[in-house]
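This is structure_34.txt (compact mmCIF, C-alpha atoms).
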```
# COMPACT_ATOMS: atom_id res chain seq x y z
CA MET A 1 90.61 89.36 120.70
CA GLN A 2 88.19 87.89 118.19
CA TYR A 3 88.79 84.40 116.80
CA ASN A 4 87.58 83.13 113.44
CA LEU A 5 87.43 79.84 111.61
CA LEU A 6 89.91 79.71 108.74
CA GLY A 7 87.64 78.72 105.88
CA ARG A 8 86.68 75.06 105.82
CA THR A 9 89.80 73.93 107.73
CA GLY A 10 88.18 73.91 111.18
CA ILE A 11 91.22 75.82 112.47
CA ARG A 12 90.32 78.72 114.77
CA VAL A 13 92.68 81.70 114.57
CA SER A 14 92.96 85.13 116.16
CA GLU A 15 92.04 87.94 113.79
CA LEU A 16 95.58 89.25 114.27
CA CYS A 17 98.40 86.94 113.12
CA TYR A 18 102.02 87.47 114.18
CA GLY A 19 104.11 87.88 111.02
CA THR A 20 107.54 86.61 112.07
CA LEU A 21 109.58 87.75 109.06
CA THR A 22 110.28 91.06 110.79
CA PHE A 23 112.30 89.54 113.63
CA SER A 24 114.03 86.95 111.43
CA PRO A 25 117.67 87.09 110.23
CA LEU A 26 116.34 88.57 106.97
CA GLN A 27 115.18 91.77 108.69
CA ALA A 28 115.70 92.83 112.33
CA ASP A 29 117.77 89.71 113.11
CA LEU A 30 116.70 89.54 116.75
CA PRO A 31 118.30 86.88 118.95
CA PRO A 32 116.04 83.83 119.39
CA GLU A 33 115.63 84.57 123.09
CA ARG A 34 114.34 88.08 122.40
CA ALA A 35 112.04 86.89 119.63
CA GLY A 36 110.73 84.24 122.01
CA GLU A 37 109.93 86.90 124.61
CA LEU A 38 107.94 88.85 122.02
CA LEU A 39 106.00 85.80 120.93
CA ARG A 40 105.08 84.84 124.48
CA TYR A 41 103.97 88.41 125.12
CA ALA A 42 101.84 88.30 121.98
CA PHE A 43 100.31 85.00 123.09
CA SER A 44 99.50 86.54 126.46
CA ARG A 45 97.66 89.35 124.61
CA GLY A 46 95.42 86.85 122.82
CA ILE A 47 97.28 86.20 119.55
CA ASN A 48 97.18 82.45 118.85
CA PHE A 49 98.37 82.45 115.23
CA LEU A 50 101.78 83.02 113.66
CA ASP A 51 103.18 82.93 110.13
CA THR A 52 106.67 81.80 109.19
CA ALA A 53 108.56 80.07 106.36
CA GLN A 54 111.52 77.79 105.84
CA TYR A 55 113.22 80.68 104.03
CA TYR A 56 112.96 82.98 107.07
CA SER A 57 115.41 80.78 109.06
CA ASN A 58 113.59 81.63 112.28
CA TYR A 59 112.33 78.28 113.53
CA PRO A 60 114.69 78.52 116.57
CA HIS A 61 113.13 81.90 117.40
CA ILE A 62 109.64 80.42 117.29
CA ARG A 63 110.64 77.37 119.29
CA ALA A 64 111.99 79.73 121.97
CA GLY A 65 108.58 81.41 122.06
CA LEU A 66 106.69 78.13 122.33
CA LYS A 67 108.89 76.96 125.19
CA SER A 68 107.03 77.10 128.51
CA TRP A 69 103.85 78.35 126.79
CA ASN A 70 100.97 75.98 127.50
CA GLY A 71 98.27 77.53 125.34
CA ASP A 72 97.32 76.47 121.82
CA VAL A 73 99.26 78.16 119.02
CA VAL A 74 98.47 77.79 115.31
CA ILE A 75 101.57 77.81 113.10
CA SER A 76 101.56 78.35 109.36
CA THR A 77 104.78 77.80 107.43
CA LYS A 78 105.77 77.53 103.79
CA CYS A 79 108.52 76.38 101.46
CA TYR A 80 109.63 76.53 97.82
CA ALA A 81 109.69 72.75 97.31
CA TYR A 82 108.49 71.45 93.94
CA ASP A 83 109.00 67.69 94.36
CA LYS A 84 108.36 64.98 96.96
CA ALA A 85 111.89 64.96 98.35
CA GLY A 86 111.94 68.72 98.89
CA ALA A 87 108.46 68.74 100.41
CA GLU A 88 109.27 65.94 102.84
CA SER A 89 112.56 67.56 103.80
CA ALA A 90 110.85 70.91 104.49
CA LEU A 91 108.11 69.24 106.49
CA GLU A 92 110.53 67.24 108.62
CA GLU A 93 112.68 70.32 109.21
CA ALA A 94 109.64 72.24 110.46
CA ARG A 95 108.52 69.38 112.73
CA ARG A 96 112.02 68.92 114.14
CA GLU A 97 112.99 72.57 114.59
CA LEU A 98 109.61 73.63 115.97
CA ASP A 99 109.34 70.48 118.12
CA ARG A 100 105.88 69.74 116.73
CA ASP A 101 104.42 66.45 115.57
CA VAL A 102 101.72 68.21 113.55
CA ILE A 103 102.11 71.33 111.42
CA ASP A 104 98.84 73.25 111.29
CA ILE A 105 99.25 74.83 107.84
CA PHE A 106 101.90 73.99 105.26
CA MET A 107 102.02 76.13 102.14
CA LEU A 108 103.89 76.64 98.90
CA HIS A 109 105.76 79.95 99.07
CA GLU A 110 105.11 82.78 96.57
CA GLN A 111 103.03 81.10 93.90
CA GLU A 112 102.32 83.10 90.73
CA SER A 113 99.61 81.28 88.74
CA ILE A 114 97.95 77.97 87.95
CA TYR A 115 101.11 77.14 86.00
CA THR A 116 103.46 77.50 88.98
CA LEU A 117 101.00 75.54 91.11
CA LYS A 118 100.99 72.74 88.54
CA GLY A 119 104.79 72.93 88.41
CA HIS A 120 104.80 72.27 92.17
CA MET A 121 102.11 69.58 92.02
CA GLU A 122 104.37 66.80 93.26
CA ALA A 123 105.05 68.82 96.41
CA LEU A 124 101.35 69.60 96.81
CA GLU A 125 100.42 65.94 96.46
CA THR A 126 103.02 65.12 99.11
CA PHE A 127 101.49 67.65 101.49
CA TRP A 128 98.00 66.32 100.78
CA ASN A 129 99.23 62.79 101.55
CA TYR A 130 100.60 63.95 104.90
CA LYS A 131 97.34 65.75 105.56
CA GLU A 132 95.52 62.44 105.17
CA LYS A 133 97.94 60.96 107.71
CA GLY A 134 97.18 63.77 110.18
CA VAL A 135 100.69 65.27 110.05
CA ILE A 136 99.44 68.46 108.35
CA ARG A 137 96.04 70.01 109.08
CA ALA A 138 95.70 72.24 106.00
CA VAL A 139 97.53 72.87 102.71
CA GLY A 140 97.84 76.24 101.01
CA ALA A 141 99.92 78.83 99.18
CA SER A 142 101.16 82.38 99.67
CA THR A 143 101.05 84.78 96.77
CA HIS A 144 101.39 88.32 95.47
CA HIS A 145 99.43 87.41 92.31
CA VAL A 146 95.74 87.55 91.46
CA ALA A 147 96.31 84.69 89.00
CA ALA A 148 97.53 82.41 91.80
CA VAL A 149 94.37 83.06 93.80
CA ARG A 150 92.35 82.00 90.78
CA GLY A 151 94.61 78.98 90.32
CA ALA A 152 94.24 77.93 93.94
CA MET A 153 90.51 77.61 93.45
CA SER A 154 90.97 75.10 90.66
CA VAL A 155 93.50 72.85 92.42
CA GLY A 156 91.64 72.64 95.74
CA LEU A 157 93.87 74.40 98.27
CA ASP A 158 92.60 74.87 101.82
CA VAL A 159 94.29 78.18 102.66
CA LEU A 160 95.58 81.28 100.88
CA HIS A 161 97.97 83.89 102.25
CA PRO A 162 97.68 86.78 99.76
CA LEU A 163 99.23 90.22 99.61
CA ILE A 164 96.65 93.00 99.74
CA ASN A 165 96.71 96.53 101.12
CA LEU A 166 95.00 99.88 100.74
CA GLU A 167 97.31 101.06 97.94
CA GLY A 168 97.76 97.70 96.24
CA ILE A 169 101.54 97.94 96.76
CA GLY A 170 103.16 94.65 95.75
CA ILE A 171 100.27 93.09 93.83
CA ALA A 172 102.23 91.79 90.87
CA ASP A 173 99.61 91.29 88.18
CA GLY A 174 96.58 93.45 88.83
CA THR A 175 94.82 96.03 90.92
CA ARG A 176 93.65 95.99 94.51
CA GLU A 177 90.09 95.66 93.26
CA GLU A 178 90.98 92.64 91.13
CA MET A 179 92.65 90.97 94.12
CA GLU A 180 89.59 91.71 96.27
CA ALA A 181 87.31 90.12 93.66
CA ALA A 182 89.46 86.98 93.40
CA LEU A 183 89.66 86.58 97.18
CA THR A 184 85.92 87.06 97.53
CA ASP A 185 85.41 84.20 95.09
CA ALA A 186 87.97 82.01 96.88
CA SER A 187 86.32 82.62 100.24
CA ALA A 188 82.91 81.75 98.78
CA ILE A 189 84.07 78.19 98.06
CA GLY A 190 85.52 77.70 101.55
CA ILE A 191 89.19 78.60 101.14
CA GLY A 192 90.57 80.12 104.34
CA ILE A 193 92.28 83.47 103.86
CA TYR A 194 94.72 85.37 106.04
CA THR A 195 96.27 88.42 104.45
CA MET A 196 99.76 89.96 104.43
CA LYS A 197 101.48 93.31 103.86
CA ALA A 198 98.69 95.48 105.30
CA LEU A 199 101.20 98.35 105.48
CA GLY A 200 102.78 97.57 102.11
CA GLY A 201 105.92 96.11 103.63
CA GLY A 202 106.08 98.99 106.12
CA ASN A 203 106.05 101.62 103.38
CA LEU A 204 102.63 102.90 104.47
CA PHE A 205 103.58 103.25 108.15
CA ARG A 206 102.54 106.92 108.20
CA ARG A 207 99.00 105.80 107.33
CA ALA A 208 98.95 102.85 109.71
CA GLU A 209 95.46 103.36 111.13
CA GLU A 210 93.93 103.94 107.71
CA CYS A 211 95.64 100.85 106.32
CA LEU A 212 94.67 98.64 109.25
CA ARG A 213 91.09 99.86 109.07
CA TYR A 214 91.03 98.66 105.47
CA ALA A 215 92.68 95.32 106.33
CA PHE A 216 90.21 94.60 109.11
CA SER A 217 87.25 95.55 106.91
CA LEU A 218 87.89 92.82 104.34
CA PRO A 219 85.01 90.33 104.78
CA PHE A 220 86.91 87.38 103.32
CA ALA A 221 89.87 87.61 105.72
CA SER A 222 89.88 85.48 108.87
CA SER A 223 93.17 87.03 110.04
CA ARG A 224 95.89 89.48 109.03
CA ALA A 225 99.63 88.77 109.41
CA ILE A 226 101.41 91.86 110.72
CA GLY A 227 105.08 92.06 111.66
CA MET A 228 105.91 93.28 115.17
CA GLN A 229 109.32 93.94 116.74
CA SER A 230 108.46 95.21 120.21
CA GLU A 231 105.91 94.91 122.99
CA GLU A 232 104.75 98.43 122.12
CA GLU A 233 103.93 97.36 118.56
CA ILE A 234 102.13 94.27 119.83
CA ASP A 235 100.07 96.38 122.24
CA ALA A 236 99.18 98.88 119.53
CA ASN A 237 98.08 96.23 117.04
CA VAL A 238 96.09 94.29 119.62
CA THR A 239 94.39 97.53 120.67
CA PHE A 240 93.52 98.23 117.05
CA ALA A 241 92.17 94.71 116.55
CA GLU A 242 89.96 95.10 119.61
CA THR A 243 88.84 98.73 119.25
CA GLY A 244 89.52 99.87 115.67
CA ALA A 245 92.03 102.56 116.72
CA PHE A 246 95.33 103.11 118.52
CA ARG A 247 95.46 104.73 121.92
CA PRO A 248 97.12 108.19 121.79
CA GLU A 249 100.16 106.98 123.72
CA GLU A 250 100.54 103.96 121.43
CA LYS A 251 100.32 106.13 118.34
CA LYS A 252 102.95 108.46 119.75
CA ALA A 253 105.28 105.56 120.51
CA LEU A 254 104.92 104.17 116.98
CA GLU A 255 105.51 107.55 115.38
CA GLY A 256 108.65 108.03 117.46
CA ARG A 257 110.28 104.80 116.37
CA ARG A 258 113.24 105.18 114.00
CA ARG A 259 112.79 103.28 110.74
CA HIS A 260 114.88 102.62 107.68
CA LEU A 261 114.57 101.21 104.18
CA ILE A 262 115.94 97.82 103.15
CA VAL A 263 116.04 96.02 99.80
CA GLU A 264 115.67 92.26 100.06
CA GLU A 265 117.27 89.51 97.95
CA GLU A 266 114.11 89.23 95.84
CA CYS A 267 115.25 92.39 93.99
CA ILE A 268 115.44 91.65 90.25
CA GLY A 269 117.59 94.66 89.40
CA CYS A 270 115.01 96.35 87.16
CA GLY A 271 116.04 99.86 88.27
CA ASN A 272 112.46 101.14 88.63
CA CYS A 273 113.17 102.29 92.18
CA ALA A 274 116.19 104.36 91.19
CA LYS A 275 114.24 106.05 88.41
CA LYS A 276 111.44 106.91 90.84
CA CYS A 277 113.62 108.31 93.64
CA SER A 278 113.96 112.09 93.44
CA GLN A 279 116.37 111.99 96.41
CA LYS A 280 118.78 109.68 94.55
CA ALA A 281 118.80 107.56 97.69
CA ILE A 282 118.54 104.17 95.97
CA LYS A 283 120.53 102.84 93.05
CA LEU A 284 122.02 99.84 91.32
CA ILE A 285 125.81 99.78 91.47
CA ASN A 286 127.40 98.41 88.28
CA GLY A 287 124.14 96.68 87.51
CA GLN A 288 124.43 94.47 90.57
CA LYS A 289 121.39 93.54 92.65
CA PRO A 290 119.94 94.10 95.13
CA ALA A 291 119.68 97.85 94.87
CA VAL A 292 121.64 99.84 97.47
CA VAL A 293 120.07 102.42 99.79
CA ASP A 294 121.79 105.59 101.02
CA LEU A 295 120.11 105.98 104.41
CA GLU A 296 121.38 109.54 104.75
CA LYS A 297 119.41 110.60 101.67
CA CYS A 298 116.33 108.41 102.10
CA VAL A 299 113.23 110.26 103.33
CA LEU A 300 110.98 107.14 103.49
CA CYS A 301 108.52 108.56 100.97
CA GLY A 302 107.56 105.08 99.72
CA TYR A 303 107.66 105.97 96.02
CA CYS A 304 110.34 103.38 95.30
CA ALA A 305 108.30 100.60 96.89
CA LYS A 306 105.27 101.39 94.73
CA SER A 307 107.44 100.96 91.63
CA CYS A 308 108.94 97.59 92.70
CA PRO A 309 107.36 94.67 90.80
CA VAL A 310 108.38 92.03 93.37
CA CYS A 311 107.75 93.86 96.67
CA ALA A 312 111.44 93.68 97.63
CA ILE A 313 111.58 97.14 99.26
CA LYS A 314 110.58 97.27 102.91
CA VAL A 315 110.61 99.75 105.77
CA ILE A 316 111.55 98.25 109.15
```
Would you mind giving the structure from this file in structure tokens?
Amino acid sequence: MQYNLLGRTGIRVSELCYGTLTFSPLQADLPPERAGELLRYAFSRGINFLDTAQYYSNYPHIRAGLKSWNGDVVISTKCYAYDKAGAESALEEARRELDRDVIDIFMLHEQESIYTLKGHMEALETFWNYKEKGVIRAVGASTHHVAAVRGAMSVGLDVLHPLINLEGIGIADGTREEMEAALTDASAIGIGIYTMKALGGGNLFRRAEECLRYAFSLPFASSRAIGMQSEEEIDANVTFAETGAFRPEEKKALEGRRRHLIVEEECIGCGNCAKKCSQKAIKLINGQKPAVVDLEKCVLCGYCAKSCPVCAIKVI
């Protein structure tokens, strides 16, 4: 496993980051003990970096993974706080639930532009204050927006966790090329970057090798957060990180795994997905959100996900 410095932070991370949303109550809802087993297995395979969030409600799962593991693990978490009280509460929750005195990276969750960053400035200033005290090592933001990447450069964030993938699925305000250009500029001034949604929220799983090849080719990315729900998936992704391809038996195991579509709470009820689905497998019922999926009709074509403006449609 290769390890890289995350921008100017001085934090050294594995080029493969464990994205923990997939085993959280929001998706696979694995028991903490099982999630802990997966994390320890990932650590044993050389992964030293994981991504989480207050919203994922999986701190107990991560704590289970850290238990009895003596190696260094870099944890990045995030919250939606906009004021000092919310920021301090989120920070203390993370420290308490993860049993950590210092949080490596604390970020604002899902920022959209310079305007949302300014609207959360009190929280950012709180995080910067705790960074000066040594309680946080780096401050950043996650985003699906090109405009937020540009905004991050002007407010002085240390780290960015942006959405980018081969098809540009989920980029809310521009093209893949525009996101690449913004991230190249951010990296040039020392902002550390680790990417997300390499497979477009799982919707590009049939093109996994092609998508990962693209994700690992991005020169500005120190690491890539990828969700994994089994030892087989961990092995396959570690193999890819180390060799640039899956082994035949790993590819066969991944292709044989049963998957299904989910629509997360972020759904805004726009109806784009229903209009795009020729199978009539996804719809809004009486205008209520989130959209509902008929798993018997769904063929996992991914067309609905490409039409979703908030990246709420995932394949797990």
**OP:** Return the single residue from A:Asn70, A:Ser307, A:Asn4, A:Ser76 that is closest to Gly200 (chain A), with distances computed using all atoms listed in the file.
**Re:**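 Closest to Gly200 (chain A) of all the choices is A:Ser307.
Of the residues under consideration (A:Tyr80, A:Phe43, A:Tyr130, A:Phe216), A:Tyr130 shows the shortest atom-to-atom contact distance to Asp104 (chain A) when counting only C-alpha atoms.
Considering all atoms listed in the file, the residue among A:Ala245, A:Leu38, A:Val315, A:Ala186 positioned nearest to Arg213 (chain A) is A:Ala245.
Minimum atom-to-atom distances from A:Ala215, A:Leu254, A:Leu16, A:Met1 to Gln229 (chain A) were compared using all atoms listed in the file, and the lowest value belongs to A:Leu254.
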**OP:** Take CA of Asp99 (chain A) and CA of Lys67 (chain A) and report the distance between them in Å, one decimal.
**Re:**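 Calculated distance between CA of Asp99 (chain A) and CA of Lys67 (chain A) is 9.6 Å.
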7 Å contact set for Ala291 (chain A), all atoms listed in the file, chain neighbours under 4 positions out, as a PDB file with C-alpha atoms, keeping the file's coordinate frame:
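Printed below is out.pdb as written:
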```
ATOM      1  CA  VAL A 263     116.040  96.020  99.800  1.00  0.00           C
ATOM      2  CA  GLY A 269     117.590  94.660  89.400  1.00  0.00           C
ATOM      3  CA  ILE A 282     118.540 104.170  95.970  1.00  0.00           C
ATOM      4  CA  LYS A 283     120.530 102.840  93.050  1.00  0.00           C
ATOM      5  CA  LEU A 284     122.020  99.840  91.320  1.00  0.00           C
TER       6      LEU A 284
END
```
Original post:
Which polymer residues have any atom within 10 Å of an atom of Ile62 (chain A), counting all atoms listed in the file, with same-chain residues fewer than 4 positions away left out, as a PyMOL selection string?
Top reply: chain A and resi 20+24+32-33+35-40+50-52+58+66-67+75+97-99
Restricted to C-alpha atoms, what would the selected residues look like written as a PDB file, keeping the file's coordinate frame?
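This is the output file again19.pdb:
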```
ATOM      1  CA  THR A  20     107.540  86.610 112.070  1.00  0.00           C
ATOM      2  CA  SER A  24     114.030  86.950 111.430  1.00  0.00           C
ATOM      3  CA  PRO A  32     116.040  83.830 119.390  1.00  0.00           C
ATOM      4  CA  GLU A  33     115.630  84.570 123.090  1.00  0.00           C
ATOM      5  CA  ALA A  35     112.040  86.890 119.630  1.00  0.00           C
ATOM      6  CA  GLY A  36     110.730  84.240 122.010  1.00  0.00           C
ATOM      7  CA  GLU A  37     109.930  86.900 124.610  1.00  0.00           C
ATOM      8  CA  LEU A  38     107.940  88.850 122.020  1.00  0.00           C
ATOM      9  CA  LEU A  39     106.000  85.800 120.930  1.00  0.00           C
ATOM     10  CA  ARG A  40     105.080  84.840 124.480  1.00  0.00           C
ATOM     11  CA  LEU A  50     101.780  83.020 113.660  1.00  0.00           C
ATOM     12  CA  ASP A  51     103.180  82.930 110.130  1.00  0.00           C
ATOM     13  CA  THR A  52     106.670  81.800 109.190  1.00  0.00           C
ATOM     14  CA  ASN A  58     113.590  81.630 112.280  1.00  0.00           C
ATOM     15  CA  LEU A  66     106.690  78.130 122.330  1.00  0.00           C
ATOM     16  CA  LYS A  67     108.890  76.960 125.190  1.00  0.00           C
ATOM     17  CA  ILE A  75     101.570  77.810 113.100  1.00  0.00           C
ATOM     18  CA  GLU A  97     112.990  72.570 114.590  1.00  0.00           C
ATOM     19  CA  LEU A  98     109.610  73.630 115.970  1.00  0.00           C
ATOM     20  CA  ASP A  99     109.340  70.480 118.120  1.00  0.00           C
TER      21      ASP A  99
END
```
**OP:** For a cut-off of 9 Å around (112.6, 83.8, 103.4), file coordinates, pick out all residues using all atoms listed in the file and list them as a ChimeraX atom specification.
**Re:** /A:21,24,26,52-57,79,109
Subject >> Shortest interatomic distance to Tyr59 (chain A) - which of A:Thr239, A:Asn165, A:Ser222, A:Thr77, counting all atoms listed in the file >> reply: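 Checking each candidate against Tyr59 (chain A), we get A:Thr77 as the closest.
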